Each structure stands twice: as C-alpha cells, then as structure tokens.
Amino acid sequence: MSKDKMTTATVLAFERCFDISDAVFSQKNDDITSELPVKVTEKSLRGTISNRLKNPLSPDPTKLDAEIQKPNLQKVDIAALNCDLDVLVVKWSCKVLPFTGNSSACNNIEYQKAFLKVTQGYIENQGLQVLAKRFAINILNGRWLWRNRLAAENISISITRKDDKKTLVKSCDAKQYQLNSFDYDDEDINKLAVLIEAGLTGKEFVIFNVEAKLKMGLGQEVYPSQELVMDEDKAKNGNKSKILYQKNDQAAMHSQKVSNAIRTIDTWYEKNAQFPIAIETYGSVTAMGHAFRQPKQKIDFYTLFDNWVLKGEQPSLEQQHYVIAVLIRGGVFGASGKE
C-alpha cells in the first residue's frame, strides 16, 4: 500500500515504559536511623472570606458587608513532621520496561509496518541516550518532590538497584541541579542514565529504588498529593475541602504526580524555551491553562507523527526526540474515524 493511500489505525496504543510506584513519606532526624511514618491529620479552621465576589458593586451594601464579614469555616487535611523531627524521607521505586518501537495494539498491519520503520529507525540511528539522560536528571534534581523541594534547606537523593546492596548513586545533592537546564554531565547522572537506557533497550531488567532526604525543620508542614474534591457543595456543607493522599495510613504522593515530573523534559516546543514542560500530545500545562503544542502550529504529536509515518516527512531531530518520548510515555493514539 502506498503512503498516499495509507491511513492512521483506528486502534493504536503503546504501553508505558516507566512503571513508577507511589512515593511514601517518612520522617527522622539526622542523628538517628529509624524512621516514623508521616501521618495525615485533620484541622478545623475559622478563616475569612477572601475570594473574589460575584457582585462587588451590589446595590445593597448591608448584604455585601454581611457576606464579607462572616467567617469561612472549613475542615482540611494537613501533613507535618513531628515537633522533634526535622528530616522528611520520601521513597519510591521505578521499573524501566523495554521500548521496542512496536505498539501494544494496532488494527492496521500496513500502518504498523510503517511506524515500526520510523521508530526502529530512530532507535538505530539516534539511540535512547538523550531521553535517558533527561529522565535521569529529573530524578536526581528532585523535581518530583514538587513543593517539598522548594521548602527544603537541603536535599540528598540516593539510588539503589533492586536486591543490590551496592548504592548506584549515594547522597547526590539535588539542589546543585537547576530545574530548567539539561546541560549537565557528571558521574551520578551518567550512571543513572546508562541504567535507564539499559532498561529501555531491553539489555537489562531494570528496577531501582529512589530515596530523598529533605531537611525541612522541626515540625514543619510537608506536601503529599492532594485528592480531587469532586463535589464542592459537600465541602461547603461541613466536609473536608482539602483531602491529602494516604497509603496504608501514611502520607504519600501519587505515582502519576511523580511520573509527570520525571517526563518534564520537553524543551523542544519552542526555540530557546525558558522552561521544560511535561511530555504531552498537545504540550498541555493545566496549571498555566495553556497548550504549548497547538495543532495549528503543526508541532503537536499527532501532526508530527502522522507526517513522519504517512508522508515520510522526517521532523527535526529535536521533534523526533519529542515524538519518541510520547510513545515511551504510552497512551492511546488511534484515529476515531469521525470528523
């Protein structure tokens, strides 16, 4: 079948290559080795009304005064270290699965042959070193700690192989790495990058454990994942307005949140990008309410991938890295067949 007649498969899916566990929170002091779990507790607060009013120029000033003067009563979850402990310990594990370039599901054999030629050509010609190194940097710079990273005085991160007593990376200083740069080349990064590449290429079965120790201060608040409150009316009627994630009664961070940080490697969405964004099909950053890879700009995943596979239009090397990173992330990419 010629490329002119070939169409995108309606069923097309790729398995993710990084299986990341939830990150659990413990606590300790520098001078002791034993750890205690970080517990989530509930607080009842009497706050003030600070949200923007729907009608600040109400013709009834008495009603408006009553609205802004009433207390804002709420229940929230909070996670904090014990008053005599000052080190937060965060642990999670990562399994790196092989990226062969093939899909886990595809209902069009000709299309499958075409994209396999593209993906395996990339692996043979470019290899996976560039992507592996960026993933490694995001693990060692502590990006996945999110707000905890900002609140810590110092952070050490260590990496160990599963069932291996020897530490691969020992007490790496996470804050030596800036979050907006991937121009690093040191022993710790290279060792972890080589391990990740070995897992992606299938040379080894790779599982490693990550541990971060953060100097937070005695009794300081820490920040696990926050659960989504689907029903805001329930929160207004006395239920908790903030619910923190727990795993086995221990504060924890969602695996998806950790994963999002690890794949925040896309600096190819624009020339001289000031900061990386997560690998997404449209470059969407929900916190900013913006998609950096608009279809009209022809740099979204689907446009680049379809042009590469269906038309033989090879994108620039930077965009090739991006396309392959999306496939490593995994997902469902088939065409719906509907306009």
# chains A, B, ... in the order shown; residues from 1 in each chain; ligands from 1
>>> residues_around(residues="region 313-329 of chain A", least_positions_apart="4", cutoff="7 Å", atoms="only C-alpha atoms", output="count of residues only")
14
>>> residues_around(residues="region 170-183 of chain A", least_positions_apart="6", cutoff="9 Å", atoms="only C-alpha atoms", output="PyMOL selection string")
chain A and resi 133-134+137-143+149+154-160+212-213+265+267+274-276
>>> write_last_selection(atoms="N, CA and C atoms", output="mmCIF file, in the first residue's frame")
data_model
loop_
_atom_site.group_PDB
_atom_site.id
_atom_site.type_symbol
_atom_site.label_atom_id
_atom_site.label_comp_id
_atom_site.auth_asym_id
_atom_site.auth_seq_id
_atom_site.Cartn_x
_atom_site.Cartn_y
_atom_site.Cartn_z
ATOM 1 N N LYS A 133 19.063 10.377 29.548
ATOM 2 C CA LYS A 133 19.794 11.351 30.356
ATOM 3 C C LYS A 133 18.851 12.397 30.936
ATOM 4 N N ARG A 134 17.885 12.830 30.144
ATOM 5 C CA ARG A 134 16.942 13.829 30.660
ATOM 6 C C ARG A 134 16.076 13.244 31.770
ATOM 7 N N ILE A 137 18.269 13.153 34.895
ATOM 8 C CA ILE A 137 18.441 14.469 35.507
ATOM 9 C C ILE A 137 17.219 14.846 36.332
ATOM 10 N N ASN A 138 16.031 14.554 35.819
ATOM 11 C CA ASN A 138 14.811 14.910 36.551
ATOM 12 C C ASN A 138 14.622 14.077 37.819
ATOM 13 N N ILE A 139 15.233 12.911 37.862
ATOM 14 C CA ILE A 139 15.181 12.122 39.093
ATOM 15 C C ILE A 139 16.156 12.697 40.121
ATOM 16 N N LEU A 140 17.358 13.036 39.662
ATOM 17 C CA LEU A 140 18.393 13.487 40.595
ATOM 18 C C LEU A 140 18.251 14.949 40.996
ATOM 19 N N ASN A 141 17.522 15.750 40.205
ATOM 20 C CA ASN A 141 17.335 17.151 40.627
ATOM 21 C C ASN A 141 16.156 17.320 41.590
ATOM 22 N N GLY A 142 15.415 16.233 41.845
ATOM 23 C CA GLY A 142 14.327 16.297 42.817
ATOM 24 C C GLY A 142 13.096 17.033 42.335
ATOM 25 N N ARG A 143 12.950 17.190 41.024
ATOM 26 C CA ARG A 143 11.761 17.880 40.505
ATOM 27 C C ARG A 143 10.480 17.221 41.011
ATOM 28 N N ARG A 149 10.451 20.368 47.512
ATOM 29 C CA ARG A 149 11.799 20.756 47.080
ATOM 30 C C ARG A 149 12.085 22.212 47.437
ATOM 31 N N ASN A 154 18.100 21.578 52.400
ATOM 32 C CA ASN A 154 18.971 20.787 51.527
ATOM 33 C C ASN A 154 18.326 19.432 51.269
ATOM 34 N N ILE A 155 18.725 18.796 50.172
ATOM 35 C CA ILE A 155 18.123 17.530 49.741
ATOM 36 C C ILE A 155 19.223 16.596 49.270
ATOM 37 N N SER A 156 19.224 15.384 49.782
ATOM 38 C CA SER A 156 20.126 14.356 49.265
ATOM 39 C C SER A 156 19.285 13.227 48.673
ATOM 40 N N ILE A 157 19.702 12.733 47.526
ATOM 41 C CA ILE A 157 18.977 11.670 46.826
ATOM 42 C C ILE A 157 19.927 10.507 46.569
ATOM 43 N N SER A 158 19.467 9.305 46.857
ATOM 44 C CA SER A 158 20.267 8.107 46.587
ATOM 45 C C SER A 158 19.454 7.135 45.747
ATOM 46 N N ILE A 159 20.157 6.369 44.917
ATOM 47 C CA ILE A 159 19.540 5.389 44.015
ATOM 48 C C ILE A 159 20.179 4.034 44.278
ATOM 49 N N THR A 160 19.354 3.021 44.479
ATOM 50 C CA THR A 160 19.865 1.658 44.646
ATOM 51 C C THR A 160 19.136 0.726 43.695
ATOM 52 N N ALA A 212 14.856 10.130 48.903
ATOM 53 C CA ALA A 212 15.259 11.523 49.115
ATOM 54 C C ALA A 212 15.139 11.858 50.593
ATOM 55 N N LYS A 213 16.123 12.578 51.101
ATOM 56 C CA LYS A 213 16.094 13.069 52.470
ATOM 57 C C LYS A 213 16.145 14.593 52.428
ATOM 58 N N ILE A 265 10.504 17.001 30.314
ATOM 59 C CA ILE A 265 11.780 17.098 29.599
ATOM 60 C C ILE A 265 11.631 17.840 28.270
ATOM 61 N N THR A 267 11.790 20.618 26.059
ATOM 62 C CA THR A 267 12.225 21.991 25.814
ATOM 63 C C THR A 267 12.240 22.275 24.318
ATOM 64 N N GLN A 274 12.196 28.683 27.780
ATOM 65 C CA GLN A 274 12.687 29.134 29.081
ATOM 66 C C GLN A 274 12.557 28.079 30.163
ATOM 67 N N PHE A 275 11.688 27.097 29.949
ATOM 68 C CA PHE A 275 11.476 26.047 30.945
ATOM 69 C C PHE A 275 10.942 24.804 30.251
ATOM 70 N N PRO A 276 11.201 23.624 30.812
ATOM 71 C CA PRO A 276 10.665 22.397 30.223
ATOM 72 C C PRO A 276 9.213 22.177 30.622
#
>>> closest_residue(among="A:Pro37, A:Pro71, A:Gly219, A:Gly334", to="Asp306 (chain A)", atoms="only C-alpha atoms")
A:Gly334
>>> closest_atom_pairs(of="region 211-318 of chain A", to="region 102-114 of chain A", cutoff="10 Å", atoms="only C-alpha atoms", output="CSV")
residue,atom,partner,partner_atom,distance
A:Trp308,CA,A:Ala114,CA,9.3
A:Val309,CA,A:Ala114,CA,5.9
A:Leu310,CA,A:Ala114,CA,7.5
A:Gly312,CA,A:Ala114,CA,9.3
>>> write_last_selection(atoms="C-alpha atoms", output="mmCIF file, in the first residue's frame")
data_model
loop_
_atom_site.group_PDB
_atom_site.id
_atom_site.type_symbol
_atom_site.label_atom_id
_atom_site.label_comp_id
_atom_site.auth_asym_id
_atom_site.auth_seq_id
_atom_site.Cartn_x
_atom_site.Cartn_y
_atom_site.Cartn_z
ATOM 1 C CA TRP A 308 6.548 11.151 9.664
ATOM 2 C CA VAL A 309 4.709 7.838 9.223
ATOM 3 C CA LEU A 310 2.168 8.573 6.485
ATOM 4 C CA GLY A 312 7.688 10.270 5.101
#
>>> select_by_dssp(residues="region 4-207 of chain A", states="strand (DSSP E or B)", output="VMD selection string")
chain A and resid 12 to 14 18 to 20 23 to 28 36 to 37 40 to 47 72 to 80 87 to 96 105 to 106 155 to 161 167 to 173 206 to 207
>>> atom_distance(atom1="CA of Val90 (chain A)", atom2="CA of Met253 (chain A)")
9.0 Å
>>> closest_residue(among="A:Leu150, A:Val229, A:Cys83, A:Ile299", to="Tyr282 (chain A)", atoms="only C-alpha atoms")
A:Ile299
>>> atom_distance(atom1="CA of Ser34 (chain A)", atom2="CA of Asp77 (chain A)")
25.6 Å
